[in-house]
file protein.txt (compact mmCIF, C-alpha atoms)
# COMPACT_ATOMS: atom_id res chain seq x y z
CA MET A 1 4.46 50.73 10.34
CA ASN A 2 5.13 49.69 6.75
CA LEU A 3 5.02 45.87 6.52
CA ASN A 4 6.46 45.93 3.01
CA ALA A 5 9.96 46.91 4.18
CA THR A 6 12.75 45.21 2.30
CA ALA A 7 14.45 42.08 3.64
CA ASP A 8 17.73 44.00 3.99
CA VAL A 9 16.17 46.52 6.34
CA LEU A 10 14.55 43.76 8.35
CA ASP A 11 17.85 41.91 8.65
CA LEU A 12 19.62 45.05 9.91
CA ARG A 13 17.02 45.50 12.59
CA GLU A 14 17.09 41.88 13.67
CA LEU A 15 19.95 42.41 16.14
CA SER A 16 18.09 45.11 17.97
CA VAL A 17 14.95 42.99 17.93
CA LYS A 18 16.84 40.16 19.61
CA LYS A 19 17.93 42.54 22.36
CA GLN A 20 14.56 44.13 22.90
CA SER A 21 11.98 41.53 21.89
CA PRO A 22 9.88 40.02 24.69
CA LEU A 23 10.28 36.67 22.86
CA VAL A 24 14.01 36.32 23.51
CA LYS A 25 15.01 33.47 25.86
CA LYS A 26 11.46 32.52 26.80
CA PRO A 27 9.61 29.18 26.54
CA GLU A 28 7.34 28.73 23.52
CA SER A 29 4.15 29.03 25.58
CA GLU A 30 5.33 32.33 27.07
CA LYS A 31 6.42 33.56 23.66
CA ARG A 32 2.90 33.07 22.33
CA ASP A 33 1.50 34.94 25.32
CA CYS A 34 3.82 37.86 24.50
CA LEU A 35 2.66 38.21 20.88
CA PRO A 36 0.38 41.22 21.64
CA GLU A 37 3.43 43.08 23.00
CA LEU A 38 5.40 42.82 19.74
CA THR A 39 5.78 45.63 17.27
CA ASN A 40 4.70 44.91 13.71
CA ASN A 41 8.33 44.56 12.67
CA GLU A 42 9.08 42.09 15.48
CA LEU A 43 5.94 40.12 14.69
CA LEU A 44 6.92 39.84 11.03
CA LEU A 45 10.43 38.63 11.86
CA ALA A 46 9.13 36.14 14.43
CA THR A 47 6.59 34.79 11.94
CA LYS A 48 9.28 34.30 9.29
CA ARG A 49 11.45 32.43 11.78
CA SER A 50 8.49 30.21 12.72
CA VAL A 51 7.88 29.43 9.04
CA GLU A 52 11.53 28.43 8.64
CA HIS A 53 11.28 26.19 11.69
CA GLU A 54 8.09 24.69 10.25
CA ARG A 55 9.86 23.77 7.01
CA GLU A 56 12.78 22.29 8.95
CA ALA A 57 10.34 20.24 11.03
CA MET A 58 8.58 19.03 7.85
CA ILE A 59 11.87 17.85 6.33
CA ALA A 60 12.74 16.13 9.61
CA VAL A 61 9.36 14.34 9.56
CA LEU A 62 9.96 13.16 5.98
CA GLU A 63 13.43 11.89 6.92
CA HIS A 64 12.01 10.02 9.92
CA LEU A 65 9.24 8.50 7.79
CA ASN A 66 11.80 7.39 5.22
CA GLU A 67 13.82 5.62 7.92
CA ILE A 68 10.65 4.01 9.31
CA LYS A 69 9.82 2.80 5.81
CA LYS A 70 13.34 1.39 5.30
CA ARG A 71 13.28 -0.48 8.62
CA LYS A 72 9.64 -1.57 8.11
CA VAL A 73 8.82 -0.33 11.61
CA HIS A 74 5.19 0.24 10.59
CA LEU A 75 4.87 -3.41 9.57
CA GLU A 76 6.40 -4.58 12.84
CA LEU A 77 3.80 -2.52 14.73
CA GLY A 78 0.96 -4.18 12.82
CA TYR A 79 0.19 -1.53 10.18
CA SER A 80 -0.16 -2.80 6.63
CA SER A 81 0.95 0.50 5.07
CA LEU A 82 2.86 3.66 5.88
CA HIS A 83 -0.36 5.61 5.28
CA GLU A 84 -2.22 3.62 7.94
CA PHE A 85 0.70 4.16 10.32
CA CYS A 86 0.64 7.94 9.75
CA VAL A 87 -3.12 8.15 10.32
CA ASN A 88 -3.45 5.86 13.35
CA GLU A 89 -0.08 6.15 15.06
CA LEU A 90 0.93 9.73 14.21
CA LYS A 91 -2.67 11.07 14.13
CA TYR A 92 -2.39 12.76 10.73
CA SER A 93 -5.55 13.20 8.68
CA ASP A 94 -5.84 11.10 5.50
CA GLY A 95 -4.98 14.12 3.37
CA ALA A 96 -1.99 15.16 5.52
CA ALA A 97 -0.64 11.60 5.49
CA TYR A 98 -1.09 11.33 1.72
CA ARG A 99 0.76 14.60 1.06
CA ARG A 100 3.74 13.64 3.22
CA ILE A 101 4.06 10.13 1.81
CA SER A 102 3.73 11.45 -1.75
CA ALA A 103 6.45 14.02 -1.04
CA LEU A 104 8.60 11.22 0.38
CA HIS A 105 8.21 9.19 -2.82
CA LEU A 106 8.93 12.28 -4.92
CA ILE A 107 12.21 12.86 -3.05
CA GLY A 108 13.09 9.20 -3.57
CA GLU A 109 12.64 9.65 -7.32
CA LEU A 110 13.96 13.22 -7.60
CA PRO A 111 16.33 13.97 -4.68
CA GLN A 112 16.49 17.67 -5.64
CA ALA A 113 12.85 17.99 -4.55
CA LYS A 114 14.05 17.89 -0.93
CA GLY A 115 15.98 21.13 -1.34
CA ALA A 116 13.01 22.76 -3.07
CA LEU A 117 10.74 21.80 -0.16
CA GLU A 118 13.28 22.98 2.39
CA ASN A 119 13.71 26.35 0.66
CA GLY A 120 9.97 26.86 0.36
CA VAL A 121 9.89 27.09 -3.45
CA LEU A 122 7.95 23.81 -3.60
CA SER A 123 4.92 23.41 -1.37
CA LEU A 124 3.96 20.10 0.18
CA SER A 125 0.66 20.24 -1.71
CA ASN A 126 2.36 20.74 -5.09
CA ALA A 127 4.86 17.98 -4.30
CA ALA A 128 1.98 15.56 -3.72
CA THR A 129 0.18 16.74 -6.88
CA LEU A 130 3.37 16.28 -8.89
CA GLN A 131 3.97 12.77 -7.57
CA THR A 132 0.35 11.79 -8.30
CA HIS A 133 0.84 13.02 -11.87
CA PHE A 134 4.01 10.94 -12.22
CA LYS A 135 2.23 7.80 -10.98
CA LYS A 136 -0.42 8.13 -13.69
CA SER A 137 2.04 8.85 -16.51
CA GLN A 138 4.98 7.06 -18.01
CA MET A 139 7.67 9.75 -18.21
CA GLN A 140 11.42 9.89 -18.62
CA ILE A 141 13.46 11.23 -15.70
CA ASN A 142 14.48 14.41 -17.59
CA ALA A 143 10.81 15.22 -18.27
CA LYS A 144 10.03 14.79 -14.56
CA GLU A 145 12.92 17.06 -13.61
CA ALA A 146 11.64 19.72 -16.03
CA LEU A 147 8.18 19.61 -14.45
CA LEU A 148 9.68 19.82 -10.95
CA THR A 149 11.44 23.03 -11.98
CA ALA A 150 8.33 24.39 -13.71
CA VAL A 151 6.01 24.09 -10.68
CA GLN A 152 8.40 25.70 -8.20
CA GLY A 153 7.05 28.93 -6.77
CA LYS A 154 3.61 28.25 -8.25
CA SER A 155 0.22 28.10 -6.58
CA LYS A 156 -1.72 24.81 -6.54
CA ARG A 157 -3.97 26.00 -9.37
CA GLU A 158 -0.99 27.09 -11.46
CA CYS A 159 0.69 23.75 -10.78
CA GLU A 160 -2.38 21.85 -11.99
CA LYS A 161 -2.49 23.95 -15.17
CA ILE A 162 1.18 23.21 -15.88
CA LEU A 163 0.66 19.47 -15.39
CA PHE A 164 -2.48 19.46 -17.55
CA ALA A 165 -0.62 21.27 -20.34
CA ALA A 166 2.22 18.76 -20.05
CA ALA A 167 -0.22 15.87 -20.39
CA GLN A 168 -1.76 17.49 -23.46
CA ALA A 169 1.68 17.97 -25.00
CA ARG A 170 2.44 14.28 -24.53
CA GLY A 171 -0.52 13.41 -26.72
CA SER A 172 -3.65 14.20 -24.71
CA GLU A 173 -2.90 11.43 -22.24
CA GLY A 174 -5.51 10.75 -19.64
CA HIS A 175 -5.87 8.08 -16.99
CA HIS A 176 -3.15 5.39 -17.19
CA GLY A 177 -1.81 6.93 -20.41
CA LEU A 178 -5.04 6.44 -22.38
CA ALA A 179 -6.02 9.11 -24.90
CA VAL A 180 -8.64 11.47 -23.50
CA ASN A 181 -10.82 11.17 -26.61
CA THR A 182 -11.20 7.40 -26.04
CA LEU A 183 -12.49 7.78 -22.47
CA THR A 184 -16.08 8.15 -21.27
CA LYS A 185 -16.83 9.82 -17.95
CA LEU A 186 -19.27 7.84 -15.76
CA GLU A 187 -20.93 9.24 -12.64
CA PHE A 188 -23.39 7.61 -10.26
CA LEU A 189 -24.51 7.65 -6.64
CA ALA A 190 -23.82 4.48 -4.64
CA ASP A 191 -25.81 3.44 -1.58
CA GLN A 192 -24.15 1.95 1.49
CA ALA A 193 -24.66 -1.65 0.36
CA LEU A 194 -23.00 -1.05 -3.02
CA THR A 195 -20.17 0.89 -1.37
CA GLN A 196 -19.48 -2.06 0.94
CA ASP A 197 -19.63 -4.51 -1.98
CA LEU A 198 -17.12 -2.44 -3.96
CA LYS A 199 -14.86 -2.23 -0.91
CA ARG A 200 -14.96 -6.02 -0.51
CA LEU A 201 -14.29 -6.58 -4.21
CA SER A 202 -11.38 -4.15 -4.00
CA GLU A 203 -9.89 -6.27 -1.20
CA LEU A 204 -10.43 -9.59 -2.95
CA LEU A 205 -9.16 -8.42 -6.34
CA ALA A 206 -6.25 -6.43 -4.84
CA ILE A 207 -7.22 -3.30 -6.77
CA PRO A 208 -7.29 -0.11 -4.67
CA GLN A 209 -10.59 1.75 -4.45
CA THR A 210 -8.72 4.87 -5.49
CA ASP A 211 -8.49 3.30 -8.97
CA LEU A 212 -12.22 2.80 -9.42
CA SER A 213 -11.90 2.57 -13.21
CA ALA A 214 -9.56 -0.44 -13.01
CA LEU A 215 -11.76 -2.06 -10.35
CA ILE A 216 -14.98 -1.78 -12.37
CA LYS A 217 -13.16 -2.93 -15.51
CA ARG A 218 -12.01 -6.10 -13.74
CA ILE A 219 -15.46 -6.74 -12.24
CA ALA A 220 -17.08 -6.33 -15.69
CA ARG A 221 -14.61 -8.81 -17.21
CA ILE A 222 -15.29 -11.41 -14.50
CA ALA A 223 -19.06 -10.98 -14.87
CA LEU A 224 -18.95 -11.31 -18.65
CA GLN A 225 -16.82 -14.44 -18.45
CA ALA A 226 -19.41 -15.90 -16.08
CA ILE A 227 -22.61 -15.08 -18.01
CA ASP A 228 -21.69 -14.31 -21.64
CA PRO A 229 -22.11 -17.54 -23.69
CA VAL A 230 -19.27 -16.46 -25.98
CA LEU A 231 -16.81 -15.62 -23.21
CA LYS A 232 -17.93 -18.16 -20.62
CA LYS A 233 -15.22 -20.71 -19.86
CA THR A 234 -16.21 -24.31 -20.53
CA ARG A 235 -15.97 -26.68 -17.58
CA LYS A 236 -13.07 -29.09 -17.44
CA PRO A 237 -13.77 -32.81 -17.57
CA VAL A 238 -14.68 -34.53 -14.30
CA THR A 239 -11.40 -36.45 -14.54
CA SER A 240 -9.40 -33.32 -13.60
CA SER A 241 -7.01 -33.73 -10.68
CA ALA A 242 -7.49 -32.36 -7.18
CA GLU A 243 -4.82 -29.76 -7.89
CA ASP A 244 -7.03 -28.25 -10.61
CA HIS A 245 -9.94 -27.69 -8.24
CA VAL A 246 -10.87 -24.02 -7.73
CA ALA A 247 -12.00 -23.00 -4.25
CA ASN A 248 -15.68 -22.14 -3.87
CA PRO A 249 -16.32 -21.06 -0.25
CA ALA A 250 -20.09 -21.08 -0.82
CA THR A 251 -20.38 -24.74 -1.87
CA ASP A 252 -17.28 -26.61 -0.69
CA VAL A 253 -17.98 -29.03 2.17
CA ILE A 254 -15.49 -29.03 5.04
CA PRO A 255 -14.61 -32.65 5.93
CA GLN A 256 -14.50 -33.82 9.53
CA GLU A 257 -11.15 -35.58 9.17
CA PRO A 258 -8.02 -33.37 9.55
CA ILE A 259 -6.00 -32.70 6.42
CA LYS A 260 -2.86 -34.78 5.90
CA ALA A 261 -0.08 -32.88 4.19
CA SER A 262 1.01 -34.44 0.93
CA PRO A 263 4.71 -35.36 0.91
CA VAL A 264 4.85 -34.50 -2.80
CA LYS A 265 2.76 -31.31 -2.94
CA LEU A 266 3.75 -29.70 0.36
CA ARG A 267 2.60 -26.27 -0.77
CA TYR A 268 -0.77 -27.47 -2.07
CA ILE A 269 -3.71 -26.28 0.06
CA PRO A 270 -7.10 -27.92 -0.63
CA ALA A 271 -10.12 -25.68 -1.18
CA TYR A 272 -11.91 -26.66 2.04
CA LEU A 273 -8.77 -25.90 4.09
CA LYS A 274 -8.53 -22.48 2.45
CA LYS A 275 -12.11 -21.82 3.49
CA GLN A 276 -11.36 -22.82 7.08
CA ILE A 277 -8.45 -20.36 7.17
CA TRP A 278 -10.53 -17.51 5.74
CA ILE A 279 -13.32 -18.16 8.24
CA ARG A 280 -10.99 -18.53 11.24
CA ASP A 281 -9.01 -15.38 10.43
CA GLN A 282 -12.21 -13.47 9.56
CA SER A 283 -10.93 -12.40 6.13
CA GLN A 284 -8.32 -10.19 7.78
CA CYS A 285 -4.54 -10.15 8.06
CA ALA A 286 -3.59 -12.21 11.11
CA TYR A 287 -0.28 -10.47 11.87
CA THR A 288 -0.21 -9.30 15.51
CA HIS A 289 2.48 -7.20 17.14
CA PRO A 290 4.03 -9.36 19.90
CA GLU A 291 4.10 -6.59 22.52
CA SER A 292 1.12 -4.31 21.88
CA LYS A 293 -1.00 -7.23 20.57
CA ARG A 294 -2.26 -4.90 17.87
CA ARG A 295 -3.56 -6.89 14.91
CA CYS A 296 -3.21 -5.65 11.36
CA THR A 297 -6.61 -4.50 10.08
CA SER A 298 -5.87 -4.95 6.38
CA ARG A 299 -8.26 -7.01 4.23
CA PHE A 300 -6.49 -6.02 1.03
CA ARG A 301 -4.38 -8.40 -1.07
CA LEU A 302 -4.54 -11.24 1.46
CA GLU A 303 -2.36 -14.32 1.01
CA ILE A 304 -2.16 -17.67 2.80
CA ASP A 305 1.16 -17.96 4.61
CA HIS A 306 2.98 -20.95 6.10
CA ILE A 307 3.94 -19.90 9.66
CA LYS A 308 6.78 -22.42 9.56
CA PRO A 309 8.04 -22.21 5.95
CA VAL A 310 7.88 -25.28 3.73
CA ALA A 311 11.65 -24.85 3.24
CA HIS A 312 12.04 -25.42 6.99
CA GLY A 313 9.77 -28.45 7.11
CA GLY A 314 6.45 -26.62 7.53
CA ARG A 315 3.28 -28.42 6.47
CA SER A 316 0.01 -27.31 4.93
CA THR A 317 -2.07 -27.79 8.08
CA LEU A 318 -4.64 -25.48 9.61
CA GLU A 319 -2.37 -24.76 12.59
CA ASN A 320 0.55 -23.81 10.33
CA LEU A 321 -1.40 -21.58 7.95
CA ARG A 322 -2.68 -18.04 8.35
CA LEU A 323 -3.88 -15.08 6.32
CA LEU A 324 -1.42 -12.22 5.86
CA CYS A 325 -1.61 -9.08 3.77
CA PHE A 326 1.05 -8.88 1.05
CA HIS A 327 3.30 -6.53 3.02
CA HIS A 328 3.21 -8.56 6.24
CA ASN A 329 3.78 -11.77 4.28
CA GLN A 330 6.93 -10.22 2.79
CA TYR A 331 7.96 -8.89 6.21
CA ALA A 332 7.49 -12.29 7.89
CA ALA A 333 9.46 -14.02 5.14
CA GLU A 334 12.36 -11.59 5.56
CA GLU A 335 12.34 -12.10 9.33
CA ILE A 336 12.61 -15.90 8.95
CA LEU A 337 14.51 -16.43 5.68
CA GLY A 338 16.53 -13.19 5.65
CA LYS A 339 16.51 -10.15 3.38
CA ALA A 340 19.17 -11.53 1.04
CA VAL A 341 17.16 -14.69 0.31
CA MET A 342 13.98 -12.70 -0.31
CA GLU A 343 15.76 -10.23 -2.59
CA ARG A 344 17.07 -13.10 -4.71
CA HIS A 345 13.56 -14.57 -4.79
CA ARG A 346 12.03 -11.25 -5.90
CA ILE A 347 14.60 -10.86 -8.67
CA LYS A 348 14.00 -14.44 -9.80
CA THR A 349 10.21 -14.08 -9.90
CA LYS A 350 10.16 -10.54 -11.32
CA PRO A 351 8.33 -10.54 -14.68
call {"tool": "encode", "arguments": {"input": "protein.txt", "output": "structure tokens"}}
result
Amino acid sequence: MNLNATADVLDLRELSVKKQSPLVKKPESEKRDCLPELTNNELLLATKRSVEHEREAMIAVLEHLNEIKKRKVHLELGYSSLHEFCVNELKYSDGAAYRRISALHLIGELPQAKGALENGVLSLSNAATLQTHFKKSQMQINAKEALLTAVQGKSKRECEKILFAAAQARGSEGHHGLAVNTLTKLEFLADQALTQDLKRLSELLAIPQTDLSALIKRIARIALQAIDPVLKKTRKPVTSSAEDHVANPATDVIPQEPIKASPVKLRYIPAYLKKQIWIRDQSQCAYTHPESKRRCTSRFRLEIDHIKPVAHGGRSTLENLRLLCFHHNQYAAEEILGKAVMERHRIKTKP
């Protein structure tokens, strides 16, 4: 039988297929068992229906993930990011989670992308590639909309060519908007020890490992300021106040006497107390879901949080302080102080 029959012919035959097909009114498991009994025409129609259902299910997943993100359900469960939630709770692979979250962000920026995904003219892979391109480039909304239209119906390779040409047209922009001719490509093999060191530095400096260029740039700057006689910072006089002291976990001595919170500097946390907190919490976010007892595993962008806020009379004592990742610190603050208060605070502190 000719599998290249037109859609009109297939649609006309669909009614008879529904009457005769072994798939009608049977559970999914039985339908799959009946596949060998289908004619080529029935198989083609059934496959197309399955593809439509797959796209509908994908859109439903994206809508559910968006609601989870809005409600911060992943944070409540002890996950520091939506990606971690998708991998550990929903059992997606890293790549599958990345594509869905990227598509979700693309829809948030360009709502018309949802229709393109639903109609099948935009693949999930191309949606993720497009969103990645947008993150690395500073583009106006009309330019983004034009690219969204341009990549519809294209293969992944064609999509990449279109985006590369667009970057060239904007002035040969490369990573983070830098001109390609000013960049030097570096490649090297890292052993396990170096890989672990880079991972730890990524956590401490709050620079994702996915942006290795920015991470190495920051490390190089810190190293030069420490050893280059020209760039090295001169030490402050010994008469500097306790507030000016910078924590050094390797040399600071932890006193035996408990810390007494200063009535004037309630938010001030001495260096030795910071070290105690980092050691006690094992350099990891201390947020724990109250029911499942699952603890957040994030070591990235950690902050010291007052369990009872200073605004509510909380003190800077070991018992009232803990390490939280940035997202769980924001989540905890919203739970205690309210979303409205935190929104005003974010607007006030926004650079």
call {"tool": "closest_residue", "arguments": {"input": "protein.txt", "among": "A:Leu273, A:Val121, A:Ala206, A:Ala128", "to": "A:Ala150", "atoms": "all atoms listed in the file"}}
result
A:Val121
call {"tool": "closest_residue", "arguments": {"input": "protein.txt", "among": "A:Leu337, A:Ala223, A:Leu215, A:Cys296", "to": "A:Glu84", "atoms": "all atoms listed in the file"}}
result
A:Cys296
call {"tool": "closest_residue", "arguments": {"input": "protein.txt", "among": "A:Leu90, A:Gln330, A:Tyr287, A:Thr39", "to": "A:Leu77", "atoms": "only C-alpha atoms"}}
result
A:Tyr287
call {"tool": "atom_distance", "arguments": {"input": "protein.txt", "atom1": "atom CA of A:Met342", "atom2": "atom CA of A:His328"}}
result
13.3 Å
call {"tool": "axis_aligned_box", "arguments": {"input": "protein.txt", "around": "stretch 272-287 of chain A", "padding_each_side": "8 Å", "output": "AutoDock Vina command-line options"}}
result
--center_x -6.8 --center_y -18.4 --center_z 7.0 --size_x 29.0 --size_y 32.5 --size_z 25.8
call {"tool": "atom_distance", "arguments": {"input": "protein.txt", "atom1": "atom CA of A:Pro111", "atom2": "atom CA of A:Lys72"}}
result
21.2 Å
call {"tool": "residues_around", "arguments": {"input": "protein.txt", "residues": "stretch 302-313 of chain A", "least_positions_apart": "6", "cutoff": "10 Å", "atoms": "all atoms listed in the file", "output": "ChimeraX atom specification"}}
result
/A:203-206,266-267,269,274,277-278,283-286,319-330,332-333,336-337
call {"tool": "atom_distance", "arguments": {"input": "protein.txt", "atom1": "atom CA of A:Leu189", "atom2": "atom CA of A:Gln209"}}
result
15.3 Å
call {"tool": "residues_around", "arguments": {"input": "protein.txt", "residues": "stretch 155-157 of chain A", "least_positions_apart": "2", "cutoff": "12 Å", "atoms": "only C-alpha atoms", "output": "MDAnalysis selection string"}}
result
chainID A and resid 121:130 150:153 159:164
call {"tool": "closest_residue", "arguments": {"input": "protein.txt", "among": "A:Lys293, A:Asp94, A:Ser50, A:Ala166", "to": "A:Met139", "atoms": "only C-alpha atoms"}}
result
A:Ala166
call {"tool": "closest_atom_pairs", "arguments": {"input": "protein.txt", "of": "stretch 106-201 of chain A", "to": "stretch 61-69 of chain A", "cutoff": "12 Å", "atoms": "all atoms listed in the file", "output": "CSV"}}
result
residue,atom,partner,partner_atom,distance
A:Leu106,CA,A:Leu62,CA,11.0
A:Ile107,CA,A:Leu62,CA,9.3
A:Gly108,CA,A:Asn66,CA,9.1
A:Ala113,CA,A:Leu62,CA,11.9
A:Lys114,CA,A:Leu62,CA,9.3
A:Leu117,CA,A:Leu62,CA,10.6
A:Glu118,CA,A:Leu62,CA,11.0
A:Leu124,CA,A:Leu62,CA,10.9
call {"tool": "residues_around", "arguments": {"input": "protein.txt", "residues": "A:Ala96", "least_positions_apart": "2", "cutoff": "10 Å", "atoms": "all atoms listed in the file", "output": "list of chain:residue names"}}
result
A:His83, A:Cys86, A:Val87, A:Lys91, A:Tyr92, A:Ser93, A:Asp94, A:Tyr98, A:Arg99, A:Arg100, A:Ile101, A:Ser102, A:Leu124, A:Ser125
call {"tool": "write_last_selection", "arguments": {"input": "protein.txt", "atoms": "C-alpha atoms", "output": "tab-separated table (two decimals), in the coordinates of the input"}}
result
chain	number	residue	atom	x	y	z
A	83	HIS	CA	-0.36	5.61	5.28
A	86	CYS	CA	0.64	7.94	9.75
A	87	VAL	CA	-3.12	8.15	10.32
A	91	LYS	CA	-2.67	11.07	14.13
A	92	TYR	CA	-2.39	12.76	10.73
A	93	SER	CA	-5.55	13.20	8.68
A	94	ASP	CA	-5.84	11.10	5.50
A	98	TYR	CA	-1.09	11.33	1.72
A	99	ARG	CA	0.76	14.60	1.06
A	100	ARG	CA	3.74	13.64	3.22
A	101	ILE	CA	4.06	10.13	1.81
A	102	SER	CA	3.73	11.45	-1.75
A	124	LEU	CA	3.96	20.10	0.18
A	125	SER	CA	0.66	20.24	-1.71
call {"tool": "decode", "arguments": {"input": "protein.txt", "residues": "stretch 34-42 of chain A", "atoms": "all heavy atoms", "output": "mmCIF file, in the first residue's frame"}}
result
data_model
loop_
_atom_site.group_PDB
_atom_site.id
_atom_site.type_symbol
_atom_site.label_atom_id
_atom_site.label_comp_id
_atom_site.auth_asym_id
_atom_site.auth_seq_id
_atom_site.Cartn_x
_atom_site.Cartn_y
_atom_site.Cartn_z
ATOM 1 N N CYS A 34 -2.013 -5.182 19.436
ATOM 2 C CA CYS A 34 -2.742 -5.351 18.178
ATOM 3 C C CYS A 34 -2.034 -4.710 16.987
ATOM 4 O O CYS A 34 -2.538 -4.803 15.859
ATOM 5 C CB CYS A 34 -4.141 -4.758 18.295
ATOM 6 S SG CYS A 34 -5.242 -5.670 19.400
ATOM 7 N N LEU A 35 -0.916 -4.033 17.212
ATOM 8 C CA LEU A 35 -0.239 -3.327 16.122
ATOM 9 C C LEU A 35 0.045 -4.230 14.920
ATOM 10 O O LEU A 35 -0.122 -3.801 13.769
ATOM 11 C CB LEU A 35 1.055 -2.685 16.627
ATOM 12 C CG LEU A 35 0.896 -1.454 17.525
ATOM 13 C CD1 LEU A 35 2.252 -0.942 17.986
ATOM 14 C CD2 LEU A 35 0.131 -0.352 16.810
ATOM 15 N N PRO A 36 0.493 -5.488 15.111
ATOM 16 C CA PRO A 36 0.769 -6.333 13.941
ATOM 17 C C PRO A 36 -0.463 -6.607 13.086
ATOM 18 O O PRO A 36 -0.330 -6.981 11.910
ATOM 19 C CB PRO A 36 1.311 -7.626 14.568
ATOM 20 C CG PRO A 36 1.852 -7.211 15.888
ATOM 21 C CD PRO A 36 0.917 -6.146 16.355
ATOM 22 N N GLU A 37 -1.657 -6.426 13.646
ATOM 23 C CA GLU A 37 -2.891 -6.711 12.911
ATOM 24 C C GLU A 37 -3.332 -5.536 12.040
ATOM 25 O O GLU A 37 -4.235 -5.684 11.211
ATOM 26 C CB GLU A 37 -4.018 -7.051 13.889
ATOM 27 C CG GLU A 37 -3.716 -8.232 14.797
ATOM 28 C CD GLU A 37 -4.811 -8.435 15.826
ATOM 29 O OE1 GLU A 37 -5.938 -7.933 15.603
ATOM 30 O OE2 GLU A 37 -4.536 -9.083 16.851
ATOM 31 N N LEU A 38 -2.720 -4.360 12.220
ATOM 32 C CA LEU A 38 -3.151 -3.172 11.485
ATOM 33 C C LEU A 38 -2.681 -3.211 10.039
ATOM 34 O O LEU A 38 -1.608 -3.720 9.729
ATOM 35 C CB LEU A 38 -2.601 -1.909 12.141
ATOM 36 C CG LEU A 38 -3.041 -1.602 13.571
ATOM 37 C CD1 LEU A 38 -2.358 -0.323 14.050
ATOM 38 C CD2 LEU A 38 -4.539 -1.475 13.665
ATOM 39 N N THR A 39 -3.491 -2.609 9.179
ATOM 40 C CA THR A 39 -3.030 -2.365 7.816
ATOM 41 C C THR A 39 -2.053 -1.200 7.851
ATOM 42 O O THR A 39 -1.971 -0.463 8.849
ATOM 43 C CB THR A 39 -4.214 -2.009 6.905
ATOM 44 O OG1 THR A 39 -4.751 -0.751 7.337
ATOM 45 C CG2 THR A 39 -5.295 -3.091 6.945
ATOM 46 N N ASN A 40 -1.339 -0.988 6.771
ATOM 47 C CA ASN A 40 -0.389 0.128 6.715
ATOM 48 C C ASN A 40 -1.100 1.467 6.905
ATOM 49 O O ASN A 40 -0.591 2.376 7.567
ATOM 50 C CB ASN A 40 0.346 0.123 5.378
ATOM 51 C CG ASN A 40 1.338 -1.005 5.284
ATOM 52 O OD1 ASN A 40 1.570 -1.725 6.262
ATOM 53 N ND2 ASN A 40 1.935 -1.176 4.112
ATOM 54 N N ASN A 41 -2.300 1.581 6.311
ATOM 55 C CA ASN A 41 -3.048 2.822 6.420
ATOM 56 C C ASN A 41 -3.490 3.074 7.863
ATOM 57 O O ASN A 41 -3.389 4.190 8.383
ATOM 58 C CB ASN A 41 -4.261 2.763 5.499
ATOM 59 C CG ASN A 41 -4.858 4.148 5.265
ATOM 60 O OD1 ASN A 41 -4.134 5.130 5.284
ATOM 61 N ND2 ASN A 41 -6.156 4.205 5.041
ATOM 62 N N GLU A 42 -3.970 2.038 8.536
ATOM 63 C CA GLU A 42 -4.382 2.149 9.933
ATOM 64 C C GLU A 42 -3.192 2.478 10.831
ATOM 65 O O GLU A 42 -3.299 3.289 11.757
ATOM 66 C CB GLU A 42 -5.031 0.839 10.388
ATOM 67 C CG GLU A 42 -6.372 0.553 9.749
ATOM 68 C CD GLU A 42 -6.868 -0.849 10.047
ATOM 69 O OE1 GLU A 42 -6.054 -1.712 10.430
ATOM 70 O OE2 GLU A 42 -8.086 -1.080 9.900
#
